[in-house]
Each structure stands twice: as structure tokens, then as C-alpha cells.
file run39.cif (mmCIF, C-alpha atoms, pLDDT in the B column; chains and numbers go by the auth columns)
data_query
#
loop_
_atom_site.group_PDB
_atom_site.id
_atom_site.type_symbol
_atom_site.label_atom_id
_atom_site.label_comp_id
_atom_site.label_asym_id
_atom_site.label_seq_id
_atom_site.Cartn_x
_atom_site.Cartn_y
_atom_site.Cartn_z
_atom_site.B_iso_or_equiv
_atom_site.auth_seq_id
_atom_site.auth_asym_id
ATOM 1 C CA MET A 1 -20.224 -5.936 0.542 69.00 85 A
ATOM 2 C CA THR A 2 -22.098 -3.637 -1.828 77.00 86 A
ATOM 3 C CA ASN A 3 -24.203 -2.352 1.061 75.00 87 A
ATOM 4 C CA LEU A 4 -21.050 -1.676 3.089 75.00 88 A
ATOM 5 C CA ILE A 5 -19.556 0.351 0.248 79.00 89 A
ATOM 6 C CA LYS A 6 -22.819 2.272 -0.227 82.00 90 A
ATOM 7 C CA ALA A 7 -22.951 3.084 3.483 78.00 91 A
ATOM 8 C CA ASP A 8 -19.346 4.287 3.436 76.00 92 A
ATOM 9 C CA ILE A 9 -19.967 6.411 0.339 82.00 93 A
ATOM 10 C CA TYR A 10 -22.948 8.021 2.074 84.00 94 A
ATOM 11 C CA ARG A 11 -20.848 8.693 5.173 80.00 95 A
ATOM 12 C CA ILE A 12 -17.930 10.122 3.212 83.00 96 A
ATOM 13 C CA LEU A 13 -20.118 12.364 1.059 84.00 97 A
ATOM 14 C CA ARG A 14 -21.756 13.776 4.174 85.00 98 A
ATOM 15 C CA GLY A 15 -18.368 14.623 5.665 83.00 99 A
ATOM 16 C CA LYS A 16 -15.779 17.230 4.736 87.00 100 A
ATOM 17 C CA ALA A 17 -12.591 15.215 4.245 86.00 101 A
ATOM 18 C CA PHE A 18 -13.419 14.086 0.702 87.00 102 A
ATOM 19 C CA TYR A 19 -14.254 17.579 -0.559 91.00 103 A
ATOM 20 C CA VAL A 20 -11.340 19.220 1.235 92.00 104 A
ATOM 21 C CA THR A 21 -8.910 16.645 -0.145 91.00 105 A
ATOM 22 C CA LEU A 22 -10.129 17.006 -3.736 92.00 106 A
ATOM 23 C CA GLY A 23 -10.104 20.777 -3.343 93.00 107 A
ATOM 24 C CA LEU A 24 -6.483 20.711 -2.203 93.00 108 A
ATOM 25 C CA VAL A 25 -5.559 18.382 -5.063 93.00 109 A
ATOM 26 C CA ILE A 26 -7.099 20.763 -7.609 94.00 110 A
ATOM 27 C CA LEU A 27 -5.459 23.777 -5.936 93.00 111 A
ATOM 28 C CA PHE A 28 -2.054 22.096 -5.947 91.00 112 A
ATOM 29 C CA SER A 29 -2.461 21.190 -9.606 91.00 113 A
ATOM 30 C CA ALA A 30 -3.423 24.760 -10.485 89.00 114 A
ATOM 31 C CA ILE A 31 -0.459 26.164 -8.553 87.00 115 A
ATOM 32 C CA ASN A 32 1.854 23.881 -10.504 82.00 116 A
ATOM 33 C CA ILE A 33 0.501 25.257 -13.762 82.00 117 A
ATOM 34 C CA VAL A 34 0.413 28.917 -12.748 78.00 118 A
ATOM 35 C CA ALA A 35 3.768 28.982 -10.993 72.00 119 A
ATOM 36 C CA GLY A 36 5.414 26.413 -13.243 60.00 120 A
ATOM 37 C CA THR A 37 8.199 25.598 -10.818 40.00 121 A
ATOM 38 C CA ILE A 38 6.391 24.668 -7.592 43.00 122 A
ATOM 39 C CA VAL A 39 7.049 20.961 -7.510 44.00 123 A
ATOM 40 C CA ILE A 40 6.801 18.340 -4.783 35.00 124 A
ATOM 41 C CA GLY A 41 8.557 15.173 -5.877 39.00 125 A
ATOM 42 C CA VAL A 42 11.836 13.325 -6.048 41.00 126 A
ATOM 43 C CA ASN A 43 12.912 14.843 -9.374 46.00 127 A
ATOM 44 C CA THR A 44 12.473 18.517 -8.490 51.00 128 A
ATOM 45 C CA GLU A 45 15.546 19.740 -10.376 53.00 129 A
ATOM 46 C CA ALA A 46 14.618 17.781 -13.484 49.00 130 A
ATOM 47 C CA ALA A 47 11.068 19.088 -13.343 51.00 131 A
ATOM 48 C CA GLU A 48 12.208 22.691 -12.961 53.00 132 A
ATOM 49 C CA ALA A 49 14.583 22.277 -15.879 51.00 133 A
ATOM 50 C CA PHE A 50 11.683 20.895 -17.904 50.00 134 A
ATOM 51 C CA ALA A 51 9.491 23.818 -16.894 49.00 135 A
ATOM 52 C CA SER A 52 12.110 26.394 -17.849 50.00 136 A
ATOM 53 C CA SER A 53 12.082 25.127 -21.429 45.00 137 A
ATOM 54 C CA PHE A 54 8.521 26.443 -21.872 49.00 138 A
ATOM 55 C CA GLU A 55 7.443 30.061 -21.886 52.00 139 A
ATOM 56 C CA TYR A 56 4.021 28.850 -20.839 59.00 140 A
ATOM 57 C CA PHE A 57 2.118 25.594 -20.507 71.00 141 A
ATOM 58 C CA ASP A 58 -0.384 24.419 -23.065 83.00 142 A
ATOM 59 C CA GLY A 59 -2.353 21.253 -22.319 87.00 143 A
ATOM 60 C CA VAL A 60 0.327 18.867 -23.572 88.00 144 A
ATOM 61 C CA ALA A 61 3.173 20.564 -21.707 85.00 145 A
ATOM 62 C CA ALA A 62 1.032 20.733 -18.566 87.00 146 A
ATOM 63 C CA ALA A 63 0.312 16.992 -18.698 90.00 147 A
ATOM 64 C CA SER A 64 4.022 16.166 -18.914 88.00 148 A
ATOM 65 C CA PHE A 65 4.947 18.626 -16.192 87.00 149 A
ATOM 66 C CA LEU A 66 2.231 17.513 -13.782 90.00 150 A
ATOM 67 C CA MET A 67 3.395 13.931 -14.021 90.00 151 A
ATOM 68 C CA THR A 68 6.868 14.896 -12.825 87.00 152 A
ATOM 69 C CA SER A 69 5.230 15.648 -9.482 84.00 153 A
ATOM 70 C CA GLY A 70 2.609 12.917 -9.712 85.00 154 A
ATOM 71 C CA ASP A 71 4.033 11.244 -6.613 87.00 155 A
ATOM 72 C CA SER A 72 2.535 14.087 -4.560 89.00 156 A
ATOM 73 C CA THR A 73 -0.839 12.372 -4.933 91.00 157 A
ATOM 74 C CA LEU A 74 0.492 9.673 -2.581 89.00 158 A
ATOM 75 C CA TYR A 75 0.132 12.093 0.316 90.00 159 A
ATOM 76 C CA PHE A 76 -3.293 13.411 -0.626 89.00 160 A
ATOM 77 C CA ALA A 77 -4.426 9.782 -0.523 88.00 161 A
ATOM 78 C CA VAL A 78 -3.552 9.523 3.190 89.00 162 A
ATOM 79 C CA ALA A 79 -6.609 11.471 4.326 85.00 163 A
ATOM 80 C CA MET A 80 -8.886 9.271 2.286 85.00 164 A
ATOM 81 C CA PHE A 81 -7.665 5.824 3.298 84.00 165 A
ATOM 82 C CA ILE A 82 -7.745 7.007 6.900 87.00 166 A
ATOM 83 C CA THR A 83 -11.294 8.293 6.413 84.00 167 A
ATOM 84 C CA THR A 84 -12.533 5.134 4.719 83.00 168 A
ATOM 85 C CA SER A 85 -10.913 2.680 7.147 81.00 169 A
ATOM 86 C CA MET A 86 -10.453 4.150 10.607 76.00 170 A
ATOM 87 C CA ASP A 87 -13.934 5.300 11.611 73.00 171 A
ATOM 88 C CA MET A 88 -15.107 1.754 12.267 71.00 172 A
ATOM 89 C CA PHE A 89 -12.249 1.268 14.741 73.00 173 A
ATOM 90 C CA THR A 90 -12.562 4.722 16.317 67.00 174 A
ATOM 91 C CA PHE A 91 -16.287 4.387 17.029 62.00 175 A
ATOM 92 C CA GLY A 92 -16.369 0.635 17.622 61.00 176 A
ATOM 93 C CA ALA A 93 -18.556 -0.160 14.625 66.00 177 A
ATOM 94 C CA VAL A 94 -16.239 -2.982 13.572 71.00 178 A
ATOM 95 C CA LYS A 95 -17.152 -5.025 16.666 67.00 179 A
ATOM 96 C CA ASN A 96 -20.852 -4.677 15.904 68.00 180 A
ATOM 97 C CA ASP A 97 -20.336 -5.634 12.251 68.00 181 A
ATOM 98 C CA ILE A 98 -18.367 -8.757 13.161 71.00 182 A
ATOM 99 C CA SER A 99 -20.833 -9.698 15.918 70.00 183 A
ATOM 100 C CA SER A 100 -23.697 -9.484 13.423 72.00 184 A
ATOM 101 C CA GLY A 101 -21.987 -12.091 11.244 72.00 185 A
ATOM 102 C CA MET A 102 -20.366 -9.863 8.657 75.00 186 A
ATOM 103 C CA PRO A 103 -17.337 -11.711 7.187 80.00 187 A
ATOM 104 C CA ARG A 104 -14.060 -9.969 7.901 83.00 188 A
ATOM 105 C CA ASN A 105 -12.890 -10.297 4.309 83.00 189 A
ATOM 106 C CA LYS A 106 -15.930 -8.296 3.145 85.00 190 A
ATOM 107 C CA LEU A 107 -15.243 -5.600 5.718 85.00 191 A
ATOM 108 C CA TYR A 108 -11.612 -5.355 4.636 88.00 192 A
ATOM 109 C CA TYR A 109 -12.131 -5.376 0.906 88.00 193 A
ATOM 110 C CA SER A 110 -15.053 -2.924 1.023 88.00 194 A
ATOM 111 C CA LYS A 111 -12.651 -0.359 2.529 88.00 195 A
ATOM 112 C CA TRP A 112 -9.923 -1.367 0.084 91.00 196 A
ATOM 113 C CA ILE A 113 -12.167 -0.995 -2.963 91.00 197 A
ATOM 114 C CA LEU A 114 -13.664 2.334 -1.910 90.00 198 A
ATOM 115 C CA SER A 115 -10.272 3.801 -1.054 92.00 199 A
ATOM 116 C CA SER A 116 -8.925 2.615 -4.411 93.00 200 A
ATOM 117 C CA VAL A 117 -11.789 4.294 -6.275 93.00 201 A
ATOM 118 C CA ILE A 118 -11.071 7.538 -4.434 92.00 202 A
ATOM 119 C CA CYS A 119 -7.403 7.265 -5.472 93.00 203 A
ATOM 120 C CA VAL A 120 -8.545 7.122 -9.096 94.00 204 A
ATOM 121 C CA LEU A 121 -10.558 10.308 -8.499 94.00 205 A
ATOM 122 C CA ILE A 122 -7.568 12.004 -6.874 94.00 206 A
ATOM 123 C CA LEU A 123 -5.296 11.312 -9.834 94.00 207 A
ATOM 124 C CA LEU A 124 -8.013 12.316 -12.302 95.00 208 A
ATOM 125 C CA ALA A 125 -8.579 15.572 -10.409 95.00 209 A
ATOM 126 C CA TYR A 126 -4.850 16.295 -10.247 94.00 210 A
ATOM 127 C CA LEU A 127 -4.170 15.730 -13.936 94.00 211 A
ATOM 128 C CA GLY A 128 -7.546 16.889 -15.231 94.00 212 A
ATOM 129 C CA ALA A 129 -7.644 20.200 -13.366 93.00 213 A
ATOM 130 C CA GLY A 130 -4.125 21.213 -14.408 91.00 214 A
ATOM 131 C CA ILE A 131 -4.536 20.207 -18.034 92.00 215 A
ATOM 132 C CA ALA A 132 -7.922 21.948 -18.251 93.00 216 A
ATOM 133 C CA LEU A 133 -6.525 25.152 -16.742 89.00 217 A
ATOM 134 C CA ALA A 134 -3.538 25.146 -19.089 87.00 218 A
ATOM 135 C CA ALA A 135 -5.816 24.475 -22.068 89.00 219 A
ATOM 136 C CA VAL A 136 -8.036 27.415 -21.128 87.00 220 A
ATOM 137 C CA LEU A 137 -5.069 29.745 -20.646 81.00 221 A
ATOM 138 C CA HIS A 138 -2.824 28.666 -23.508 81.00 222 A
ATOM 139 C CA GLY A 139 -4.630 26.127 -25.667 86.00 223 A
ATOM 140 C CA ALA A 140 -4.893 22.353 -25.661 86.00 224 A
ATOM 141 C CA GLY A 141 -1.627 21.747 -27.530 84.00 225 A
ATOM 142 C CA ASP A 142 -0.910 19.062 -30.084 87.00 226 A
ATOM 143 C CA TRP A 143 -2.002 15.635 -28.832 90.00 227 A
ATOM 144 C CA SER A 144 -1.315 13.863 -32.123 89.00 228 A
ATOM 145 C CA GLY A 145 1.148 11.040 -32.777 86.00 229 A
ATOM 146 C CA ALA A 146 2.476 9.233 -29.703 87.00 230 A
ATOM 147 C CA VAL A 147 1.587 12.022 -27.272 89.00 231 A
ATOM 148 C CA LEU A 148 -1.882 10.795 -26.278 92.00 232 A
ATOM 149 C CA PRO A 149 -0.963 7.077 -26.062 92.00 233 A
ATOM 150 C CA ASN A 150 2.102 7.927 -23.969 92.00 234 A
ATOM 151 C CA PHE A 151 -0.040 10.092 -21.697 93.00 235 A
ATOM 152 C CA PHE A 152 -2.446 7.234 -20.995 94.00 236 A
ATOM 153 C CA LYS A 153 0.424 4.785 -20.472 94.00 237 A
ATOM 154 C CA ALA A 154 2.146 7.148 -18.047 94.00 238 A
ATOM 155 C CA ALA A 155 -1.091 7.922 -16.187 94.00 239 A
ATOM 156 C CA GLY A 156 -1.848 4.204 -15.993 95.00 240 A
ATOM 157 C CA GLY A 157 1.587 3.468 -14.567 95.00 241 A
ATOM 158 C CA GLN A 158 1.262 6.210 -11.970 95.00 242 A
ATOM 159 C CA LEU A 159 -2.221 5.011 -11.057 95.00 243 A
ATOM 160 C CA LEU A 160 -0.982 1.450 -10.530 96.00 244 A
ATOM 161 C CA LEU A 161 1.683 2.634 -8.082 95.00 245 A
ATOM 162 C CA LEU A 162 -0.758 4.978 -6.355 95.00 246 A
ATOM 163 C CA LEU A 163 -3.155 2.059 -5.870 96.00 247 A
ATOM 164 C CA ALA A 164 -0.308 -0.145 -4.648 95.00 248 A
ATOM 165 C CA LEU A 165 0.715 2.374 -1.997 95.00 249 A
ATOM 166 C CA ASN A 166 -2.907 3.014 -1.075 94.00 250 A
ATOM 167 C CA SER A 167 -3.174 -0.737 -0.482 95.00 251 A
ATOM 168 C CA VAL A 168 -0.154 -0.460 1.816 95.00 252 A
ATOM 169 C CA GLY A 169 -1.925 2.362 3.647 93.00 253 A
ATOM 170 C CA ILE A 170 -5.040 0.227 4.151 93.00 254 A
ATOM 171 C CA PHE A 171 -2.785 -2.556 5.452 94.00 255 A
ATOM 172 C CA PHE A 172 -1.305 -0.197 8.073 93.00 256 A
ATOM 173 C CA CYS A 173 -4.795 0.963 9.089 90.00 257 A
ATOM 174 C CA PHE A 174 -5.945 -2.584 9.828 89.00 258 A
ATOM 175 C CA LEU A 175 -2.631 -3.571 11.375 90.00 259 A
ATOM 176 C CA MET A 176 -2.399 -0.661 13.817 87.00 260 A
ATOM 177 C CA ARG A 177 -6.022 0.474 14.096 85.00 261 A
ATOM 178 C CA ASN A 178 -4.769 3.948 14.975 86.00 262 A
ATOM 179 C CA SER A 179 -4.941 6.878 12.545 87.00 263 A
ATOM 180 C CA THR A 180 -1.703 8.588 13.571 90.00 264 A
ATOM 181 C CA ALA A 181 0.327 5.387 13.647 91.00 265 A
ATOM 182 C CA ALA A 182 -1.054 4.264 10.273 90.00 266 A
ATOM 183 C CA ALA A 183 -0.382 7.627 8.605 91.00 267 A
ATOM 184 C CA CYS A 184 3.156 7.858 9.992 93.00 268 A
ATOM 185 C CA SER A 185 3.950 4.289 8.978 93.00 269 A
ATOM 186 C CA TYR A 186 2.656 4.933 5.469 93.00 270 A
ATOM 187 C CA ILE A 187 4.710 8.101 5.049 93.00 271 A
ATOM 188 C CA ALA A 188 7.800 6.309 6.349 93.00 272 A
ATOM 189 C CA PHE A 189 7.154 3.478 3.884 93.00 273 A
ATOM 190 C CA THR A 190 7.015 5.918 0.977 92.00 274 A
ATOM 191 C CA VAL A 191 9.999 8.066 1.987 91.00 275 A
ATOM 192 C CA LEU A 192 12.563 5.912 3.811 92.00 276 A
ATOM 193 C CA PRO A 193 13.305 3.250 1.153 90.00 277 A
ATOM 194 C CA GLY A 194 14.456 5.885 -1.332 89.00 278 A
ATOM 195 C CA MET A 195 16.693 7.491 1.288 91.00 279 A
ATOM 196 C CA VAL A 196 18.160 4.159 2.350 92.00 280 A
ATOM 197 C CA PHE A 197 18.745 3.038 -1.245 91.00 281 A
ATOM 198 C CA SER A 198 20.483 6.336 -2.043 90.00 282 A
ATOM 199 C CA ILE A 199 22.769 6.030 0.985 92.00 283 A
ATOM 200 C CA ILE A 200 23.658 2.445 0.093 92.00 284 A
ATOM 201 C CA ALA A 201 24.379 3.453 -3.505 90.00 285 A
ATOM 202 C CA LEU A 202 26.511 6.351 -2.308 91.00 286 A
ATOM 203 C CA ILE A 203 28.560 4.042 -0.099 91.00 287 A
ATOM 204 C CA ASN A 204 28.857 1.370 -2.764 90.00 288 A
ATOM 205 C CA PRO A 205 27.960 2.360 -6.366 88.00 289 A
ATOM 206 C CA ARG A 206 27.495 -1.317 -7.277 89.00 290 A
ATOM 207 C CA PHE A 207 24.137 -1.110 -5.486 89.00 291 A
ATOM 208 C CA ASP A 208 22.918 1.887 -7.493 89.00 292 A
ATOM 209 C CA TRP A 209 20.343 -0.446 -9.070 87.00 293 A
ATOM 210 C CA LEU A 210 18.438 -0.401 -5.782 87.00 294 A
ATOM 211 C CA ARG A 211 17.234 3.108 -6.572 87.00 295 A
ATOM 212 C CA GLY A 212 15.122 1.607 -9.306 84.00 296 A
ATOM 213 C CA TYR A 213 12.973 -0.074 -6.634 89.00 297 A
ATOM 214 C CA ASP A 214 11.979 3.125 -4.828 90.00 298 A
ATOM 215 C CA LEU A 215 8.209 3.254 -5.388 92.00 299 A
ATOM 216 C CA ARG A 216 8.062 7.049 -5.371 91.00 300 A
ATOM 217 C CA ALA A 217 10.849 7.246 -7.931 90.00 301 A
ATOM 218 C CA MET A 218 9.093 4.603 -10.015 92.00 302 A
ATOM 219 C CA MET A 219 5.943 6.696 -10.013 93.00 303 A
ATOM 220 C CA THR A 220 7.801 9.795 -11.161 91.00 304 A
ATOM 221 C CA SER A 221 9.735 7.858 -13.796 91.00 305 A
ATOM 222 C CA PHE A 222 6.505 7.235 -15.701 93.00 306 A
ATOM 223 C CA ALA A 223 6.487 10.961 -16.526 90.00 307 A
ATOM 224 C CA TYR A 224 9.317 10.141 -18.939 91.00 308 A
ATOM 225 C CA ILE A 225 7.725 7.000 -20.362 91.00 309 A
ATOM 226 C CA GLY A 226 8.689 7.950 -23.901 86.00 310 A
ATOM 227 C CA GLU A 227 12.350 7.682 -22.895 88.00 311 A
ATOM 228 C CA MET A 228 12.045 4.657 -20.600 90.00 312 A
ATOM 229 C CA ALA A 229 13.497 1.294 -21.543 91.00 313 A
ATOM 230 C CA SER A 230 10.922 -1.484 -21.912 93.00 314 A
ATOM 231 C CA ALA A 231 12.665 -3.444 -19.137 92.00 315 A
ATOM 232 C CA ASP A 232 12.188 -0.533 -16.709 92.00 316 A
ATOM 233 C CA ILE A 233 8.501 -0.211 -17.575 94.00 317 A
ATOM 234 C CA ILE A 234 7.952 -3.933 -17.093 94.00 318 A
ATOM 235 C CA ARG A 235 9.861 -3.874 -13.774 94.00 319 A
ATOM 236 C CA ASN A 236 7.777 -0.945 -12.480 94.00 320 A
ATOM 237 C CA VAL A 237 4.514 -2.632 -13.434 95.00 321 A
ATOM 238 C CA ILE A 238 5.508 -5.956 -11.873 96.00 322 A
ATOM 239 C CA VAL A 239 6.721 -4.340 -8.641 95.00 323 A
ATOM 240 C CA GLY A 240 3.558 -2.238 -8.395 95.00 324 A
ATOM 241 C CA ALA A 241 1.323 -5.259 -8.952 96.00 325 A
ATOM 242 C CA VAL A 242 3.250 -7.358 -6.408 96.00 326 A
ATOM 243 C CA VAL A 243 3.102 -4.623 -3.741 95.00 327 A
ATOM 244 C CA LEU A 244 -0.625 -4.138 -4.361 96.00 328 A
ATOM 245 C CA ALA A 245 -1.456 -7.842 -4.133 95.00 329 A
ATOM 246 C CA ALA A 246 0.920 -8.629 -1.252 96.00 330 A
ATOM 247 C CA SER A 247 -0.316 -5.751 0.924 95.00 331 A
ATOM 248 C CA ALA A 248 -3.966 -6.624 0.222 94.00 332 A
ATOM 249 C CA PHE A 249 -3.505 -10.286 1.186 94.00 333 A
ATOM 250 C CA ALA A 250 -1.296 -9.413 4.167 94.00 334 A
ATOM 251 C CA GLY A 251 -3.821 -6.893 5.455 91.00 335 A
ATOM 252 C CA MET A 252 -6.634 -9.405 5.158 91.00 336 A
ATOM 253 C CA ALA A 253 -4.551 -12.059 6.959 91.00 337 A
ATOM 254 C CA VAL A 254 -3.769 -9.623 9.782 89.00 338 A
ATOM 255 C CA PHE A 255 -7.399 -8.576 10.151 86.00 339 A
ATOM 256 C CA LYS A 256 -8.641 -12.163 10.219 83.00 340 A
ATOM 257 C CA ARG A 257 -6.391 -12.917 13.196 82.00 341 A
ATOM 258 C CA ALA A 258 -6.905 -9.601 14.998 72.00 342 A
ATOM 259 C CA GLU A 259 -8.616 -9.559 18.379 72.00 343 A
ATOM 260 C CA ILE A 260 -11.319 -6.921 18.157 67.00 344 A
ATOM 261 C CA LYS A 261 -12.299 -5.403 21.484 61.00 345 A
#
call {"tool": "encode", "arguments": {"input": "run39.cif", "output": "C-alpha cells"}}
result
Amino acid sequence: MTNLIKADIYRILRGKAFYVTLGLVILFSAINIVAGTIVIGVNTEAAEAFASSFEYFDGVAAASFLMTSGDSTLYFAVAMFITTSMDMFTFGAVKNDISSGMPRNKLYYSKWILSSVICVLILLAYLGAGIALAAVLHGAGDWSGAVLPNFFKAAGGQLLLLLALNSVGIFFCFLMRNSTAAACSYIAFTVLPGMVFSIIALINPRFDWLRGYDLRAMMTSFAYIGEMASADIIRNVIVGAVVLAASAFAGMAVFKRAEIK
């Protein structure tokens, strides 16, 4: 499996998708800092209200603000899980790999691991670029007390959910073996549950608790980890871990039974 990952890394580094994606992530992060109110996320109004309370962003304020739109990284990840997983189906390499005796579980998990590592890089680039820019422009800010621990907790929570949804994306790639279908299914999976839960809650307020299980909203909620109840943090972590594990095992089960032509 190590050789598979090395081969994929070589292929990805020779291509453009990785560099373009990271470049766009860094650009988006910088725009958030410079403009202060350009936000893509489910809590846009809250984020803009947060931004308006600062005359400018230092490093600490930038970190908090960037996390309010941290769910945007879910969509930058699309290009990368498509790039890591779909080429072997598009060019027929998967049939040759299986014919040569390569276990399907190694094929699946090599793509899953590499895509997950790239997700870590995406989140690091998003947070790191914005915080660094703000620190250069307005200073690092005061990271003492609970600020730094809360930052790492929030970033860790957002990373867990990013990895969980990336795992869902890999699942769709191996289920459908078509880039467009996999990308559309992934986007629908990230967007539709929140819409459906909101409609249900609007019709019957007793089901307002369903909103707490929208994965995008969960990701954004970690931006306010200092104000979150322990029960909400635990719920988010458990749901993220379950989605990650379930999608990984389901994807492997689907791929094992798939007829490769």
C-alpha cells in the first residue's frame, strides 16, 4: 500500500489540481482577512456580526473569524478526493491493479489515506495563511490563557468533520466511479440534510434538535467552542467519528463487491 500511496503522490505532484486547490484555499483565506465580511458558511450573519466588532484582524481575531467559515474547506476538498480516486477508473488502471493481485482493500485505503492527508493540508493552509497574513498586517494578538488551547480544540473538531465528509466523498467515488456523479452526490450530502432539518423544524419546532446533526453546522459550531456545552462537543465528535468509520467501511464493502470492467 505504501508503494500505491507513493505513486499517487508522484502523480498528484506532477499535476496541477493540487497546487491550484491549495492556491485557491490560500486566496480565499486572504480575502476573508482583507475584506473581513466575505464569508461562505451556514452562519454568515453571525460571522459578519463578529467581524464588525473588530476594526481590524490580528492573529487571534483572524483565527476565530476564519473558523466561522471553516466549512468552506469541505468544497475545496472535492477536487482532491476526485483527483486521488477517479483516475484509476477513468483510465482503467484499477482493472490492471486488481488483475495483478493487488488486494482491493489496499487500493481503497491508499486513496482514503492520501485524500485524508491532503484534507489536513487544506485546513492547515486555510487557517495558517489567514492567521499569518493578519499577524503580518496587525500583529499576532494575545494567545495566552485559554485562547491557544481552544484554537487547537476547535481546529481539531473541524478537521475531524472534514475528514469524515472526505471519507463520504471517497465512498461516492468508489460507489459511482464517475467524477461528476460523485461530486454532485457529495455536495448534496453536505447541503441537503441541513435544509431538510430546517424545514422539518420550521414545520414542527419539536424537531429543532435535528439541526444539531447537520454536519456543516457542526463544523461551524466548533468556531464557538469556548461557548459550547460539553454535551454538544461530545455529540459532534461522536457523530463525526461514526460518519468517518461508517463511510470508510461501507466504501470498502461496495468496492469489494463491484464488478470492474
call {"tool": "resolve_selection", "arguments": {"input": "run39.cif", "expression": "the PyMOL selection byres ((chain A and resi 266-281) around 9)", "output": "VMD selection string"}}
result
chain A and resid 158 to 159 162 to 163 166 249 to 250 252 to 265 282 to 286 291 to 301
call {"tool": "atom_distance", "arguments": {"input": "run39.cif", "atom1": "atom CA of A:Val204", "atom2": "atom CA of A:Leu246"}}
result
8.5 Å
call {"tool": "resolve_selection", "arguments": {"input": "run39.cif", "expression": "the PyMOL selection byres ((chain A and resi 140-144) around 10)", "output": "VMD selection string"}}
result
chain A and resid 117 to 120 135 to 139 145 to 149 212 214 to 227 231 to 232 235
call {"tool": "atom_distance", "arguments": {"input": "run39.cif", "atom1": "atom CA of A:Gly241", "atom2": "atom CA of A:Ile89"}}
result
26.0 Å
call {"tool": "residues_around", "arguments": {"input": "run39.cif", "residues": "A:Leu106", "least_positions_apart": "2", "cutoff": "9 Å", "atoms": "only C-alpha atoms", "output": "list in words"}}
result
Ala101, Phe102, Tyr103, Val104, Leu108, Val109, Ile110, Leu111, Phe160, Leu205, Ile206, Ala209 and Tyr210 of chain A
call {"tool": "atom_distance", "arguments": {"input": "run39.cif", "atom1": "atom CA of A:Thr304", "atom2": "atom CA of A:Gly154"}}
result
6.2 Å
call {"tool": "resolve_selection", "arguments": {"input": "run39.cif", "expression": "the PyMOL selection byres ((chain A and resi 309) around 12)", "output": "PDB file with C-alpha atoms, keeping the file's coordinate frame"}}
result
ATOM      1  CA  SER A 148       4.022  16.166 -18.914  1.00 88.00           C
ATOM      2  CA  MET A 151       3.395  13.931 -14.021  1.00 90.00           C
ATOM      3  CA  THR A 152       6.868  14.896 -12.825  1.00 87.00           C
ATOM      4  CA  ALA A 230       2.476   9.233 -29.703  1.00 87.00           C
ATOM      5  CA  VAL A 231       1.587  12.022 -27.272  1.00 89.00           C
ATOM      6  CA  LEU A 232      -1.882  10.795 -26.278  1.00 92.00           C
ATOM      7  CA  PRO A 233      -0.963   7.077 -26.062  1.00 92.00           C
ATOM      8  CA  ASN A 234       2.102   7.927 -23.969  1.00 92.00           C
ATOM      9  CA  PHE A 235      -0.040  10.092 -21.697  1.00 93.00           C
ATOM     10  CA  PHE A 236      -2.446   7.234 -20.995  1.00 94.00           C
ATOM     11  CA  LYS A 237       0.424   4.785 -20.472  1.00 94.00           C
ATOM     12  CA  ALA A 238       2.146   7.148 -18.047  1.00 94.00           C
ATOM     13  CA  ALA A 239      -1.091   7.922 -16.187  1.00 94.00           C
ATOM     14  CA  GLY A 240      -1.848   4.204 -15.993  1.00 95.00           C
ATOM     15  CA  GLY A 241       1.587   3.468 -14.567  1.00 95.00           C
ATOM     16  CA  GLN A 242       1.262   6.210 -11.970  1.00 95.00           C
ATOM     17  CA  MET A 302       9.093   4.603 -10.015  1.00 92.00           C
ATOM     18  CA  MET A 303       5.943   6.696 -10.013  1.00 93.00           C
ATOM     19  CA  THR A 304       7.801   9.795 -11.161  1.00 91.00           C
ATOM     20  CA  SER A 305       9.735   7.858 -13.796  1.00 91.00           C
ATOM     21  CA  PHE A 306       6.505   7.235 -15.701  1.00 93.00           C
ATOM     22  CA  ALA A 307       6.487  10.961 -16.526  1.00 90.00           C
ATOM     23  CA  TYR A 308       9.317  10.141 -18.939  1.00 91.00           C
ATOM     24  CA  GLY A 310       8.689   7.950 -23.901  1.00 86.00           C
ATOM     25  CA  GLU A 311      12.350   7.682 -22.895  1.00 88.00           C
ATOM     26  CA  MET A 312      12.045   4.657 -20.600  1.00 90.00           C
ATOM     27  CA  ALA A 313      13.497   1.294 -21.543  1.00 91.00           C
ATOM     28  CA  SER A 314      10.922  -1.484 -21.912  1.00 93.00           C
ATOM     29  CA  ALA A 315      12.665  -3.444 -19.137  1.00 92.00           C
ATOM     30  CA  ASP A 316      12.188  -0.533 -16.709  1.00 92.00           C
ATOM     31  CA  ILE A 317       8.501  -0.211 -17.575  1.00 94.00           C
ATOM     32  CA  ILE A 318       7.952  -3.933 -17.093  1.00 94.00           C
ATOM     33  CA  ASN A 320       7.777  -0.945 -12.480  1.00 94.00           C
TER      34      ASN A 320
END
call {"tool": "closest_residue", "arguments": {"input": "run39.cif", "among": "A:Lys340, A:Lys90, A:Arg319, A:Arg290", "to": "A:Leu198", "atoms": "only C-alpha atoms"}}
result
A:Lys90
call {"tool": "closest_residue", "arguments": {"input": "run39.cif", "among": "A:Ile287, A:Ser251, A:Ser194, A:Leu88", "to": "A:Ala332", "atoms": "only C-alpha atoms"}}
result
A:Ser251
call {"tool": "closest_residue", "arguments": {"input": "run39.cif", "among": "A:Leu150, A:Leu328, A:Leu208, A:Leu191", "to": "A:Thr86", "atoms": "all atoms listed in the file"}}
result
A:Leu191
call {"tool": "axis_aligned_box", "arguments": {"input": "run39.cif", "around": "stretch 220-226 of chain A", "padding_each_side": "8 Å", "output": "lines of an AutoDock Vina configuration file"}}
result
center_x = -4.5
center_y = 24.4
center_z = -25.4
size_x = 23.1
size_y = 26.7
size_z = 25.4
call {"tool": "build_atoms", "arguments": {"input": "run39.cif", "residues": "stretch 283-290 of chain A", "atoms": "N, CA and C atoms", "output": "mmCIF file, keeping the file's coordinate frame"}}
result
data_model
loop_
_atom_site.group_PDB
_atom_site.id
_atom_site.type_symbol
_atom_site.label_atom_id
_atom_site.label_comp_id
_atom_site.auth_asym_id
_atom_site.auth_seq_id
_atom_site.Cartn_x
_atom_site.Cartn_y
_atom_site.Cartn_z
ATOM 1 N N ILE A 283 21.602 6.105 0.106
ATOM 2 C CA ILE A 283 22.769 6.030 0.985
ATOM 3 C C ILE A 283 23.612 4.809 0.654
ATOM 4 N N ILE A 284 22.940 3.679 0.444
ATOM 5 C CA ILE A 284 23.658 2.445 0.093
ATOM 6 C C ILE A 284 24.402 2.623 -1.222
ATOM 7 N N ALA A 285 23.744 3.235 -2.208
ATOM 8 C CA ALA A 285 24.379 3.453 -3.505
ATOM 9 C C ALA A 285 25.543 4.421 -3.406
ATOM 10 N N LEU A 286 25.428 5.386 -2.506
ATOM 11 C CA LEU A 286 26.511 6.351 -2.308
ATOM 12 C C LEU A 286 27.728 5.677 -1.680
ATOM 13 N N ILE A 287 27.466 4.767 -0.751
ATOM 14 C CA ILE A 287 28.560 4.042 -0.099
ATOM 15 C C ILE A 287 29.210 3.054 -1.063
ATOM 16 N N ASN A 288 28.356 2.364 -1.810
ATOM 17 C CA ASN A 288 28.857 1.370 -2.764
ATOM 18 C C ASN A 288 28.077 1.493 -4.068
ATOM 19 N N PRO A 289 28.659 2.123 -5.093
ATOM 20 C CA PRO A 289 27.960 2.360 -6.366
ATOM 21 C C PRO A 289 27.443 1.089 -7.035
ATOM 22 N N ARG A 290 27.974 -0.077 -6.664
ATOM 23 C CA ARG A 290 27.495 -1.317 -7.277
ATOM 24 C C ARG A 290 26.023 -1.567 -6.956
#
